[in-house]
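Participant: One structure coming up, written as structure tokens, with questions to follow.
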Amino acid sequence: MVGQYIHSFYELAVHTYHVNPVVFLILYLGTVPFFYLSIFFMLREVVRLRKSKRKLALGALLEDRTFDVWFLVFVAANVLPYTYIAIWGRNVPLWVWIPIALVIAYAAYRLYLQVRARRKKRT
């Protein structure tokens with residue numbers, strides 16, 4: 001019964017969306033350690049900034065290189081499995097694209113804030 005359900009799901013994904021669920025699962029599970037590691041290091045940077053008696057603001061986080069690197073790892077870990085779907089998938093429903101677009105939009109916004117803060121710092 002369960003095996004039949006898994007097989008039908010596999011067939012649906014392969015024939016309808018042209019995506020191999022095994023590859024997606026490997027990518028998804030492969031990025032999980034990086035996802036949690038990036039959260040750990042980003043929170044560690046927030047705690048470090050709080051302990052340094054500096055005012056913890058968005059500007060302070062944007063100027064911190066370590067936070068930026070781990071934020072990029074966080075975004076990559078979130079987006080990588082879905083990038084596989086975006087490149088090789090066909091007939092993918094709209095609800096799959098919404099979380100992907102939100103993560104990418106937030107990353108682009110952070111990049112914009114980072115560039116703006118560094119430009120202000122130079123002048």
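The way I read the labels, and the way they are meant: chains A, B, ... in the order of the structure tokens, residue 1 as the first residue of every chain, and ligand 1 as the first ligand shown, with later ones counted on from there.
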Could you find all residues in range 12-92 of chain A that DSSP calls alpha helix (DSSP H) from the backbone, and write them as a VMD selection string?

Facilitator: chain A and resid 12 to 17 21 to 51 58 to 63 65 to 88

Participant: Give me the range 64-106 of chain A side of the contact with range 35-46 of chain A, cut-off 12 Å, one line per residue showing its nearest atom pair and distance in Å at one decimal, counting only C-alpha atoms, sorted by chain and residue number, as a tab-separated table.

Facilitator:
```
residue	atom	partner	partner_atom	distance
A:Asp64	CA	A:Glu45	CA	8.3
A:Arg65	CA	A:Glu45	CA	9.8
A:Thr66	CA	A:Glu45	CA	7.3
A:Phe67	CA	A:Met42	CA	5.4
A:Asp68	CA	A:Met42	CA	8.4
A:Val69	CA	A:Ser38	CA	8.7
A:Trp70	CA	A:Ser38	CA	5.0
A:Phe71	CA	A:Ser38	CA	6.7
A:Leu72	CA	A:Ser38	CA	8.6
A:Val73	CA	A:Ser38	CA	6.2
A:Phe74	CA	A:Phe35	CA	5.3
A:Val75	CA	A:Phe35	CA	8.3
A:Ala76	CA	A:Phe35	CA	8.5
A:Ala77	CA	A:Phe35	CA	5.4
A:Asn78	CA	A:Phe35	CA	7.1
A:Val79	CA	A:Phe35	CA	10.5
A:Leu80	CA	A:Phe35	CA	10.9
```

Participant: Just checking: using only C-alpha atoms, which residue out of A:Glu63, A:Leu102, A:Ala108, A:Met1 ends up closest to Lys121 in chain A?

Facilitator: A:Glu63

Participant: Quick one: everything within 10 Å of range 16-22 of chain A, counting only C-alpha atoms, minus sequence neighbours fewer than 5 positions away in the same chain. Send it as an mmCIF file with C-alpha atoms, in the first residue's frame.

Facilitator:
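Writing done, so here's out00.cif:
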```cif
data_model
loop_
_atom_site.group_PDB
_atom_site.id
_atom_site.type_symbol
_atom_site.label_atom_id
_atom_site.label_comp_id
_atom_site.auth_asym_id
_atom_site.auth_seq_id
_atom_site.Cartn_x
_atom_site.Cartn_y
_atom_site.Cartn_z
ATOM 1 C CA PHE A 9 4.181 9.724 -6.597
ATOM 2 C CA TYR A 10 7.501 8.927 -8.274
ATOM 3 C CA GLU A 11 5.800 8.249 -11.602
ATOM 4 C CA LEU A 27 19.876 17.811 -3.008
ATOM 5 C CA TYR A 28 17.405 18.666 -0.265
ATOM 6 C CA TYR A 84 16.959 21.816 -9.833
ATOM 7 C CA ILE A 85 13.181 22.006 -10.294
ATOM 8 C CA ALA A 86 13.427 25.391 -12.010
ATOM 9 C CA ILE A 87 16.012 24.178 -14.524
ATOM 10 C CA TRP A 88 14.748 20.692 -15.358
ATOM 11 C CA GLY A 89 11.112 20.749 -14.285
ATOM 12 C CA ARG A 90 8.181 21.344 -16.604
ATOM 13 C CA ASN A 91 4.521 22.101 -15.837
ATOM 14 C CA VAL A 92 5.432 23.057 -12.276
ATOM 15 C CA PRO A 93 2.476 24.571 -10.354
#
```

Participant: Please, what distance in Å, to one decimal, runs between CA of Tyr82 in chain A and CA of Ile100 in chain A?

Facilitator: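 The value is 6.9 Å.
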
Participant: Given only C-alpha atoms as the basis, pick out the residue of A:Leu61, A:Val23, A:Ile6, A:Arg50 nearest to Gln114 in chain A.

Facilitator: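 That would be A:Leu61, the residue with the smallest distance to Gln114 in chain A.
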
Participant: Go through A:Leu25, A:Ala117, A:Thr83, A:Gly30 and flag the residue nearest Ala101 in chain A, using only C-alpha atoms for the distances.

Facilitator: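 That would be A:Thr83, the residue with the smallest distance to Ala101 in chain A.
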
Participant: Provide the CA of Ala107 in chain A to CA of Lys120 in chain A distance in Å, to one decimal place.

Facilitator: 20.1 Å

Participant: Give me, please, the distance in Å between CA of Leu49 in chain A and CA of Phe34 in chain A, quoted to one decimal.

Facilitator: 22.3 Å
